[in-house]
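The file target_18.cif contains mmCIF, C-alpha atoms:
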```cif
data_work
#
loop_
_atom_site.label_atom_id
_atom_site.label_comp_id
_atom_site.auth_asym_id
_atom_site.auth_seq_id
_atom_site.Cartn_x
_atom_site.Cartn_y
_atom_site.Cartn_z
CA MET A 249 99.58 -65.79 14.07
CA ASN A 250 98.17 -66.05 17.62
CA LYS A 251 94.75 -64.91 18.69
CA LYS A 252 96.13 -61.84 20.48
CA ALA A 253 97.79 -60.52 17.30
CA ILE A 254 94.62 -61.11 15.29
CA ALA A 255 92.57 -59.19 17.85
CA ILE A 256 94.98 -56.22 17.71
CA LEU A 257 94.93 -56.11 13.89
CA GLY A 258 91.11 -56.26 13.94
CA ALA A 259 90.90 -53.36 16.36
CA ILE A 260 93.22 -51.28 14.17
CA PHE A 261 91.11 -52.04 11.06
CA LEU A 262 87.88 -50.98 12.81
CA LEU A 263 89.54 -47.75 14.01
CA ILE A 264 90.61 -46.86 10.45
CA VAL A 265 87.16 -47.58 9.01
CA GLY A 266 85.47 -45.54 11.76
CA THR A 267 87.77 -42.57 11.22
CA LEU A 268 87.15 -42.53 7.45
CA GLY A 269 83.42 -42.76 8.01
CA PHE A 270 83.50 -39.79 10.40
CA LEU A 271 85.51 -37.66 7.94
CA ILE A 272 83.11 -38.40 5.07
CA TYR A 273 80.07 -37.61 7.23
CA THR A 274 81.63 -34.33 8.39
CA LYS A 275 82.44 -33.19 4.84
CA TYR A 276 78.98 -33.77 3.37
CA SER A 277 76.94 -32.61 6.35
CA SER A 278 78.79 -29.28 6.63
CA GLY A 279 76.86 -27.60 3.80
CA ASP A 280 79.72 -27.57 1.21
CA LYS A 281 78.54 -26.99 -2.37
CA VAL A 282 78.49 -29.94 -4.75
CA VAL A 283 79.63 -28.93 -8.24
CA ASP A 284 78.97 -30.96 -11.40
CA GLU A 285 79.79 -30.18 -15.04
CA VAL A 286 76.67 -30.44 -17.23
CA PRO A 287 75.54 -29.01 -20.59
CA VAL A 288 73.24 -25.98 -20.35
CA ASP A 289 70.29 -25.60 -22.70
CA ASN A 290 68.90 -22.23 -21.58
CA GLY A 291 70.68 -19.06 -22.61
CA ALA A 292 70.95 -15.52 -21.31
CA ALA A 293 67.25 -15.05 -21.89
CA GLY A 294 66.32 -18.70 -22.22
CA GLN A 295 68.01 -20.01 -25.38
CA GLN A 296 71.17 -21.98 -26.28
CA THR A 297 74.45 -21.10 -24.56
CA PRO A 298 77.92 -22.70 -24.34
CA SER A 299 77.96 -26.14 -22.71
CA ASP A 300 80.97 -25.58 -20.44
CA ASN A 301 79.09 -23.89 -17.63
CA THR A 302 79.06 -25.01 -14.02
CA VAL A 303 75.95 -26.16 -12.17
CA THR A 304 75.96 -25.59 -8.43
CA THR A 305 73.60 -26.90 -5.79
CA ASP A 306 73.44 -23.76 -3.67
CA PRO A 307 72.31 -24.14 -0.02
CA SER A 308 70.84 -20.60 -0.13
CA LEU A 309 68.23 -21.67 -2.71
CA ASN A 310 66.06 -23.33 -0.12
CA GLY A 311 62.75 -21.49 -0.48
CA SER A 312 62.70 -20.67 3.24
CA ILE A 313 59.53 -18.87 4.28
CA SER A 314 60.88 -17.36 7.52
CA GLY A 315 57.36 -16.71 8.80
CA SER A 316 56.31 -14.58 5.82
CA PRO A 317 54.25 -15.04 2.63
CA LEU A 318 57.22 -13.43 0.84
CA VAL A 319 59.71 -16.21 0.09
CA LYS A 320 63.40 -15.42 -0.39
CA LEU A 321 64.88 -17.55 -3.16
CA SER A 322 68.47 -16.36 -3.39
CA ASP A 323 70.97 -14.33 -1.38
CA ASP A 324 72.66 -13.04 -4.54
CA GLN A 325 72.49 -9.31 -5.22
CA VAL A 326 70.38 -9.72 -8.36
CA ILE A 327 70.22 -7.29 -11.28
CA SER A 328 67.31 -7.41 -13.76
CA PRO A 329 66.03 -10.95 -13.04
CA ALA A 330 63.88 -12.39 -15.82
CA LEU A 331 61.96 -15.57 -16.62
CA PHE A 332 63.16 -18.06 -19.25
CA TYR A 333 61.03 -18.13 -22.39
CA ASN A 334 59.88 -21.65 -21.53
CA GLY A 335 59.13 -20.65 -17.92
CA GLY A 336 61.49 -23.27 -16.50
CA GLY A 337 63.99 -20.96 -14.86
CA ILE A 338 65.26 -17.49 -14.03
CA THR A 339 68.29 -15.59 -15.31
CA TYR A 340 69.96 -12.55 -13.72
CA PHE A 341 73.21 -10.66 -13.29
CA ASN A 342 74.88 -10.13 -9.93
CA ASN A 343 76.64 -6.95 -8.86
CA GLN A 344 79.99 -8.30 -10.09
CA GLY A 345 78.70 -8.37 -13.65
CA GLU A 346 78.35 -12.18 -13.72
CA LEU A 347 75.43 -13.87 -15.49
CA TYR A 348 73.59 -16.70 -13.71
CA GLN A 349 70.72 -19.04 -14.41
CA ILE A 350 68.64 -21.10 -11.98
CA ASN A 351 65.98 -23.74 -12.59
CA ILE A 352 62.52 -23.47 -11.03
CA ASN A 353 61.28 -26.50 -9.12
CA ALA A 354 57.57 -25.70 -9.37
CA SER A 355 56.48 -28.99 -7.78
CA SER A 356 57.93 -28.04 -4.37
CA THR A 357 55.95 -26.14 -1.74
CA PRO A 358 57.11 -23.49 -1.26
CA LEU A 359 58.66 -23.13 -4.69
CA GLN A 360 62.42 -23.77 -4.79
CA LEU A 361 65.29 -23.06 -7.16
CA SER A 362 68.04 -25.50 -8.12
CA GLY A 363 70.87 -26.02 -10.58
CA LYS A 364 72.41 -22.57 -10.17
CA ARG A 365 74.97 -22.01 -12.92
CA LYS A 366 77.28 -19.20 -14.00
CA LEU A 367 77.45 -18.59 -17.74
CA ASP A 368 80.86 -18.18 -19.30
CA ILE A 369 80.56 -14.76 -20.95
CA GLN A 370 82.75 -11.68 -21.04
CA ASN A 371 82.70 -9.87 -17.69
CA LYS A 372 81.48 -6.27 -17.76
CA SER A 373 81.65 -4.26 -14.54
CA GLY A 374 79.30 -1.48 -13.48
CA ILE A 375 76.09 -2.92 -14.96
CA SER A 376 73.02 -1.22 -13.45
CA GLY A 377 70.35 -2.97 -15.50
CA ILE A 378 69.64 -5.26 -18.44
CA LEU A 379 67.28 -4.76 -21.36
CA TRP A 380 66.20 -8.29 -22.27
CA PRO A 381 64.68 -8.87 -25.72
CA ASP A 382 61.57 -10.99 -26.15
CA ARG A 383 63.61 -13.57 -28.10
CA GLY A 384 67.23 -14.51 -28.74
CA ASP A 385 70.47 -14.71 -26.77
CA ASN A 386 71.55 -11.08 -27.17
CA PHE A 387 70.86 -8.37 -24.60
CA ILE A 388 71.73 -4.75 -23.83
CA ALA A 389 73.47 -3.79 -20.59
CA GLU A 390 72.79 -0.38 -19.05
CA PHE A 391 75.30 1.68 -17.06
CA ASN A 392 74.96 4.81 -14.97
CA THR A 393 78.06 6.98 -14.82
CA ALA A 394 77.80 10.35 -13.07
CA GLY A 395 74.06 10.44 -13.72
CA LYS A 396 74.31 9.64 -17.44
CA ARG A 397 72.95 6.42 -18.91
CA THR A 398 75.02 4.50 -21.45
CA TRP A 399 74.55 1.08 -23.02
CA SER A 400 76.51 -1.87 -24.38
CA PHE A 401 75.11 -4.50 -26.73
CA TYR A 402 76.09 -8.11 -25.99
CA ASP A 403 76.52 -10.06 -29.21
CA SER A 404 76.06 -13.76 -28.43
CA GLN A 405 77.57 -14.75 -31.79
CA THR A 406 80.95 -13.17 -31.00
CA GLY A 407 80.64 -13.40 -27.20
CA THR A 408 81.62 -9.73 -26.81
CA TYR A 409 80.12 -6.41 -25.74
CA VAL A 410 79.79 -3.54 -28.21
CA ASP A 411 79.63 -0.10 -26.55
CA LEU A 412 76.83 1.94 -28.12
CA PRO A 413 77.39 5.61 -29.05
CA SER A 414 77.12 8.09 -26.18
CA GLN A 415 74.68 10.21 -28.24
CA ILE A 416 71.92 7.65 -27.58
CA TYR A 417 69.57 9.09 -24.95
CA SER A 418 67.03 6.25 -24.66
CA LEU A 419 66.30 2.98 -26.42
CA GLY A 420 64.07 -0.10 -26.53
CA TRP A 421 63.93 -3.48 -28.27
CA MET A 422 61.73 -4.23 -31.25
CA PRO A 423 60.10 -7.70 -31.22
CA GLY A 424 62.42 -10.52 -32.25
CA GLY A 425 65.56 -9.28 -30.51
CA GLN A 426 67.30 -7.99 -33.66
CA LYS A 427 66.28 -4.32 -33.99
CA ILE A 428 66.11 -1.40 -31.57
CA VAL A 429 64.41 2.00 -31.51
CA TYR A 430 66.36 4.86 -29.95
CA THR A 431 66.53 8.63 -29.52
CA TRP A 432 69.73 10.33 -30.67
CA LEU A 433 70.85 13.59 -29.05
CA ALA A 434 73.54 15.60 -30.83
CA ASN A 435 74.22 19.34 -31.17
CA GLY A 436 71.19 20.16 -29.04
CA LYS A 437 68.77 18.30 -31.32
CA MET A 438 67.02 14.96 -30.84
CA SER A 439 65.92 12.47 -33.49
CA LEU A 440 64.19 9.10 -33.46
CA TYR A 441 65.87 6.14 -35.17
CA THR A 442 65.58 2.41 -35.73
CA ALA A 443 68.63 0.19 -36.32
CA ASP A 444 70.26 -3.15 -35.69
CA ALA A 445 71.02 -3.69 -32.00
CA SER A 446 74.62 -2.59 -32.61
CA THR A 447 73.23 0.63 -34.28
CA LYS A 448 74.34 -0.53 -37.74
CA ASN A 449 71.91 -0.16 -40.69
CA TYR A 450 70.15 2.72 -38.98
CA GLN A 451 67.15 4.55 -40.42
CA LYS A 452 65.80 7.89 -39.27
CA ILE A 453 62.13 7.98 -38.29
CA ALA A 454 61.71 11.66 -37.45
CA ASP A 455 63.13 14.70 -35.70
CA LEU A 456 61.71 15.39 -32.23
CA PHE A 457 60.97 18.75 -30.67
CA GLU A 458 62.43 18.04 -27.23
CA THR A 459 65.86 16.86 -26.10
CA ASP A 460 64.85 14.47 -23.30
CA ASP A 461 62.40 12.03 -24.89
CA GLN A 462 62.19 8.51 -23.44
CA VAL A 463 60.91 5.83 -25.87
CA ILE A 464 59.01 2.60 -25.13
CA VAL A 465 58.12 0.15 -27.93
CA SER A 466 54.89 -1.88 -27.90
CA PRO A 467 55.21 -5.70 -27.65
CA ASP A 468 53.84 -6.10 -31.20
CA GLY A 469 56.27 -3.49 -32.53
CA ALA A 470 53.50 -1.48 -34.20
CA SER A 471 53.67 1.56 -31.89
CA ILE A 472 56.15 3.70 -29.99
CA VAL A 473 55.25 5.99 -27.13
CA PHE A 474 57.52 8.67 -25.75
CA TYR A 475 57.46 11.33 -23.07
CA ARG A 476 59.82 13.96 -21.70
CA ASN A 477 62.03 12.39 -19.05
CA GLU A 478 63.42 15.55 -17.45
CA SER A 479 60.64 18.09 -17.91
CA THR A 480 59.96 20.59 -15.12
CA ASP A 481 56.77 21.90 -16.73
CA LEU A 482 53.46 21.54 -14.95
CA ASN A 483 52.16 19.51 -17.91
CA ASN A 484 53.99 16.62 -19.53
CA LYS A 485 52.27 14.68 -22.31
CA ILE A 486 52.66 11.12 -23.59
CA THR A 487 52.76 10.79 -27.40
CA GLN A 488 52.32 7.84 -29.75
CA THR A 489 53.98 7.31 -33.13
CA THR A 490 54.75 4.40 -35.45
CA PRO A 491 58.08 2.96 -36.64
CA ASP A 492 57.52 4.50 -40.09
CA GLY A 493 56.82 7.94 -38.56
CA LYS A 494 53.52 8.34 -40.42
CA PHE A 495 51.20 8.43 -37.39
CA TRP A 496 51.40 10.85 -34.43
CA LYS A 497 48.96 11.28 -31.57
CA ASP A 498 49.08 12.81 -28.08
CA LEU A 499 47.56 10.14 -25.84
CA VAL A 500 47.64 11.98 -22.51
CA LYS A 501 47.95 15.76 -22.41
CA ASP A 502 46.58 17.01 -19.08
CA GLY A 503 48.79 17.03 -15.99
CA TYR A 504 52.33 15.84 -15.41
CA ASN A 505 52.64 12.34 -16.89
CA ILE A 506 55.66 10.08 -17.08
CA GLY A 507 56.50 6.38 -17.46
CA ALA A 508 54.88 3.82 -19.75
CA LEU A 509 54.21 0.09 -19.41
CA TRP A 510 52.57 -1.71 -22.32
CA SER A 511 50.13 -4.58 -21.81
CA PRO A 512 51.11 -7.88 -23.49
CA ASP A 513 48.46 -7.42 -26.20
CA SER A 514 49.66 -3.83 -26.96
CA LYS A 515 46.14 -2.46 -26.41
CA HIS A 516 46.57 -0.88 -22.97
CA LEU A 517 49.12 1.32 -21.26
CA LEU A 518 50.02 2.14 -17.68
CA PHE A 519 51.56 5.49 -16.83
CA GLN A 520 52.18 7.72 -13.82
CA LYS A 521 50.41 11.01 -13.16
CA ARG A 522 51.57 13.42 -10.46
CA GLU A 523 48.87 14.55 -8.05
CA PRO A 524 49.09 18.36 -7.79
CA SER A 525 48.28 18.65 -4.07
CA SER A 526 50.60 15.96 -2.69
CA GLN A 527 53.09 15.83 -5.60
CA LYS A 528 52.90 12.02 -5.34
CA PHE A 529 52.63 9.82 -8.42
CA GLN A 530 49.63 7.58 -9.00
CA LEU A 531 49.25 4.74 -11.46
CA TRP A 532 46.89 5.51 -14.35
CA TYR A 533 45.47 3.52 -17.27
CA PHE A 534 45.02 4.30 -20.96
CA GLY A 535 43.00 2.11 -23.36
CA PHE A 536 43.93 2.41 -27.06
CA LEU A 537 40.66 1.03 -28.42
CA SER A 538 38.33 3.10 -26.23
CA GLY A 539 40.57 6.08 -25.49
CA GLU A 540 39.60 5.67 -21.82
CA ILE A 541 41.90 7.25 -19.23
CA LYS A 542 41.42 6.45 -15.56
CA ASN A 543 43.12 6.55 -12.20
CA LEU A 544 43.87 3.09 -10.75
CA GLY A 545 44.11 4.55 -7.25
CA LEU A 546 47.57 3.20 -6.42
CA PHE A 547 50.38 5.55 -5.40
CA THR A 548 53.21 3.79 -7.22
CA SER A 549 55.14 3.80 -10.48
CA THR A 550 55.30 1.77 -13.69
CA GLU A 551 58.74 0.49 -12.56
CA LYS A 552 57.00 -1.28 -9.66
CA ALA A 553 54.19 -2.88 -11.69
CA VAL A 554 53.65 -5.76 -14.10
CA TRP A 555 50.81 -6.81 -16.40
CA ALA A 556 49.35 -10.30 -16.18
CA GLY A 557 49.01 -12.36 -19.36
CA ASP A 558 45.33 -11.44 -19.73
CA SER A 559 46.27 -7.77 -20.39
CA GLN A 560 43.64 -6.72 -17.88
CA THR A 561 45.12 -7.54 -14.48
CA VAL A 562 48.01 -5.58 -12.97
CA TYR A 563 50.18 -6.47 -9.98
CA ALA A 564 52.00 -3.66 -8.22
CA ALA A 565 54.30 -2.99 -5.29
CA VAL A 566 52.89 0.09 -3.56
CA PRO A 567 55.15 2.04 -1.19
CA THR A 568 53.71 2.68 2.24
CA THR A 569 56.77 4.71 3.21
CA PRO A 570 58.26 6.79 1.72
CA SER A 571 56.47 7.88 -1.45
CA ALA A 572 56.84 6.29 -4.88
CA GLY A 573 59.09 8.25 -7.19
CA GLN A 574 61.65 9.14 -4.52
CA ASP A 575 65.15 7.78 -5.03
CA VAL A 576 65.20 5.94 -1.71
CA LEU A 577 64.31 2.48 -0.46
CA THR A 578 60.61 1.89 0.17
CA ALA A 579 58.53 -0.49 2.28
CA ASP A 580 55.85 -1.87 -0.05
CA SER A 581 52.47 -3.53 0.05
CA PHE A 582 51.52 -5.76 -2.89
CA TYR A 583 48.26 -5.40 -4.81
CA ARG A 584 46.32 -6.94 -7.65
CA ILE A 585 43.99 -4.64 -9.56
CA ASP A 586 41.52 -5.32 -12.34
CA THR A 587 41.92 -2.40 -14.76
CA SER A 588 38.35 -2.86 -16.01
CA SER A 589 36.42 -2.98 -12.73
CA LEU A 590 39.12 -1.33 -10.54
CA GLU A 591 38.62 -4.15 -8.02
CA LYS A 592 41.68 -4.46 -5.78
CA LYS A 593 43.17 -7.17 -3.61
CA GLN A 594 46.01 -6.61 -1.13
CA TYR A 595 48.40 -9.44 -0.30
CA SER A 596 49.92 -9.99 3.11
CA THR A 597 53.69 -9.53 3.30
CA GLY A 598 54.12 -10.71 6.89
CA THR A 599 57.17 -9.38 8.69
CA VAL A 600 59.45 -9.01 5.66
CA VAL A 601 60.16 -5.44 4.54
CA ALA A 602 60.26 -5.41 0.75
CA ASP A 603 61.02 -2.78 -1.87
CA GLY A 604 59.63 -4.55 -4.94
CA GLN A 605 61.47 -3.93 -8.21
CA ASP A 606 61.78 -5.76 -11.55
CA LEU A 607 58.46 -7.58 -11.08
CA PHE A 608 57.62 -10.55 -13.33
CA LEU A 609 55.20 -13.49 -13.28
CA ASP A 610 55.65 -17.18 -14.00
CA LEU A 611 53.80 -18.66 -16.99
CA THR A 612 50.87 -19.76 -14.82
CA GLY A 613 50.39 -16.25 -13.43
CA THR A 614 50.32 -17.60 -9.86
CA LYS A 615 53.85 -16.64 -8.76
CA LEU A 616 55.04 -13.03 -8.59
CA PHE A 617 58.84 -12.73 -8.63
CA PHE A 618 60.74 -9.57 -7.81
CA LYS A 619 64.00 -8.10 -6.63
CA ASN A 620 63.83 -6.83 -3.05
CA ALA A 621 65.96 -3.68 -3.15
CA GLN A 622 66.13 -3.74 0.65
CA ASP A 623 68.68 -6.57 0.51
CA GLY A 624 69.10 -7.14 -3.25
CA GLY A 625 67.75 -10.71 -3.04
CA LEU A 626 65.34 -12.56 -5.31
CA TYR A 627 61.89 -13.16 -3.77
CA TYR A 628 58.47 -14.44 -4.79
CA LEU A 629 54.88 -14.13 -3.62
CA ASP A 630 52.39 -16.98 -4.11
CA LEU A 631 49.34 -15.29 -5.61
CA SER A 632 47.14 -18.37 -5.32
CA GLN A 633 46.95 -18.16 -1.53
#
```
Would it be possible to restate this file's structure as structure tokens?
Amino acid sequence: MNKKAIAILGAIFLLIVGTLGFLIYTKYSSGDKVVDEVPVDNGAAGQQTPSDNTVTTDPSLNGSISGSPLVKLSDDQVISPALFYNGGGITYFNNQGELYQININASSTPLQLSGKRKLDIQNKSGISGILWPDRGDNFIAEFNTAGKRTWSFYDSQTGTYVDLPSQIYSLGWMPGGQKIVYTWLANGKMSLYTADASTKNYQKIADLFETDDQVIVSPDGASIVFYRNESTDLNNKITQTTPDGKFWKDLVKDGYNIGALWSPDSKHLLFQKREPSSQKFQLWYFGFLSGEIKNLGLFTSTEKAVWAGDSQTVYAAVPTTPSAGQDVLTADSFYRIDTSSLEKKQYSTGTVVADGQDLFLDLTGTKLFFKNAQDGGLYYLDLSQ
């Protein structure tokens, strides 16, 4: 073979190599997702789940600050985001009824998420919220159809949803993720029950006087509080009972009171009281040991607040416009308040407009996560800065 032929063949070889290199560079620099099959060891609320789930490195999980202390973590339209039991990740539903999990990379600054994965469970459309238990892989999905709430229990053992009876008006988990407490409305009468999460093996606690009682169970399972959810009276009390129905006490009687958020140690309660002059709701405090009731001075609701692990500090998203309690999007400021001293701190939100919902903290208590209802995304606020 002469030198000219060798030179031509060499040029062709270099052209092929260069073209392949360009194609590979283009593919992996274009932002395409890289998908790997790996076993998953954190379930719907942080426990074991099937190992055939897909892990995705999602370009949207970049922890971009965008000039604001509020950091957007995901573009998904999240529903009821919650922290894993071990604090290593976050689980949530999207608006298609799909369940996802993401790992927290706490060593990055700002914090980042990685390893997004979709769990292979039965799809259920129309989910408006999730009631997560404190333990276990089961959960209860909430639906809102024509203004009426209904629920379905997800049984992780069978991998199926069980629709709960339509006579259930309100419900809450007992500790351990096996039992629930619920109010049952039938023939114009309401009763209080406890049962397995599927409503099997039910036991009646007591009959109730009203037909619109909302129940909230304490974290230790020793107490239940309830209040009228649809009352139009000027006064609306909050009442305490026990799972055996032997103890009854009106905790708050004066004024129009609604909502309840237990502290982690089950010794304190947040609730909302309507101010007569402005008709706006303020966040109030009740102490079970002292019986103390006091105004925290924040015009917001229990749905926009979360207790810290010390059962003394509260973080809250406080609407600046419009008022809390209205069924519209709000623009919120974020506060920390000491329920003992009433000392407050306001956090800067920069240019991001946020309607904070489904608030929860990481295990260190330095990161406040929430759903921003303005765009449905998952955000966090670094409380240590």
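Picture a line from atom CA of A:Ser439 to atom CA of A:Leu456; it runs 5.3 Å.
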Report as a tab-separated table (two decimals) with C-alpha atoms, in the frame of the given file the residues that result from applying the PyMOL selection byres ((chain A and resi 540) around 12) to the structure here.
```tsv
chain	number	residue	atom	x	y	z
A	499	LEU	CA	47.56	10.14	-25.84
A	500	VAL	CA	47.64	11.98	-22.51
A	515	LYS	CA	46.14	-2.46	-26.41
A	516	HIS	CA	46.57	-0.88	-22.97
A	517	LEU	CA	49.12	1.32	-21.26
A	518	LEU	CA	50.02	2.14	-17.68
A	532	TRP	CA	46.89	5.51	-14.35
A	533	TYR	CA	45.47	3.52	-17.27
A	534	PHE	CA	45.02	4.30	-20.96
A	535	GLY	CA	43.00	2.11	-23.36
A	536	PHE	CA	43.93	2.41	-27.06
A	537	LEU	CA	40.66	1.03	-28.42
A	538	SER	CA	38.33	3.10	-26.23
A	539	GLY	CA	40.57	6.08	-25.49
A	541	ILE	CA	41.90	7.25	-19.23
A	542	LYS	CA	41.42	6.45	-15.56
A	543	ASN	CA	43.12	6.55	-12.20
A	587	THR	CA	41.92	-2.40	-14.76
A	588	SER	CA	38.35	-2.86	-16.01
```
Using the file's own x, y and z axes, what box holds all listed atoms of stretch 620-625 of chain A with 6 Å on each side, keeping edges along x, y and z, and what are its centre and edge lengths in Å to one decimal, as AutoDock Vina command-line options?
```
--center_x 66.5 --center_y -7.2 --center_z -1.3 --size_x 17.3 --size_y 19.0 --size_z 15.9
```
Fewer than 6 positions away in the same chain doesn't count, so skip those; otherwise give me all residues within 6 Å of stretch 617-627 of chain A, counting all atoms listed in the file, as a VMD selection string.
-> chain A and resid 319 to 326 602 to 609
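Those residues returned by the PyMOL selection byres ((chain A and resi 633) around 12) for this file are Pro317, Leu318, Pro358, Lys593, Gln594, Tyr595, Ser596, Thr597, Thr614, Lys615, Leu616, Leu629, Asp630, Leu631 and Ser632 of chain A.
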With only C-alpha atoms as the basis for distance, which of A:Asn477, A:Leu361, A:Leu379, A:Phe529 is at the shortest distance from A:Tyr417?
-> A:Asn477
Might you spell out which residues the PyMOL selection byres ((chain A and resi 332-336) around 12) would select in the displayed file, as a count of residues only?
-> 40
Quick one: everything within 10 Å of A:Thr393, counting only C-alpha atoms, minus sequence neighbours fewer than 5 positions away in the same chain. Send it as a PDB file with C-alpha atoms, in the frame of the given file.
```
ATOM      1  CA  GLY A 374      79.300  -1.480 -13.480  1.00  0.00           C
ATOM      2  CA  SER A 376      73.020  -1.220 -13.450  1.00  0.00           C
ATOM      3  CA  THR A 398      75.020   4.500 -21.450  1.00  0.00           C
TER       4      THR A 398
END
```
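What separates atom CA of A:Pro467 from atom CA of A:Trp510 is a distance of 7.2 Å.
Interatomic distance, atom CA of A:Val465 to atom CA of A:Leu347: 25.5 Å.
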Nearby residues (only C-alpha atoms) at most 12 Å from A:Ala508, same-chain spacing under 3 positions excluded, as a ChimeraX atom specification = /A:462-466,472-477,485-488,499-500,505,511,514,516-521,531-534,549-555
Taking (75.4, 9.5, -26.9) in the file's own coordinates, collect the residues within 9 Å, counting all atoms listed in the file, and hand them back as an MDAnalysis selection string.
-> chainID A and resid 397:398 412:417 432:434
Name the closest residue to A:Ser404 among the candidates A:Glu523, A:Lys364, A:Pro423, A:Ala445; distances are taken between atoms, counting all atoms listed in the file.
-> A:Ala445
With distances taken over all atoms listed in the file, which of A:Thr490, A:Asn343, A:Asn386, A:Ser559 is nearest to A:Pro512?
-> A:Ser559
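Nearest residue to A:Phe341 among A:Ile369, A:Ala564, A:Ala470, A:Ile327 is A:Ile327, counting only C-alpha atoms.
Using all atoms listed in the file, the nearest neighbour of A:Asp461 within the list A:Gln527, A:Thr480, A:Tyr430, A:Val600 is A:Tyr430.
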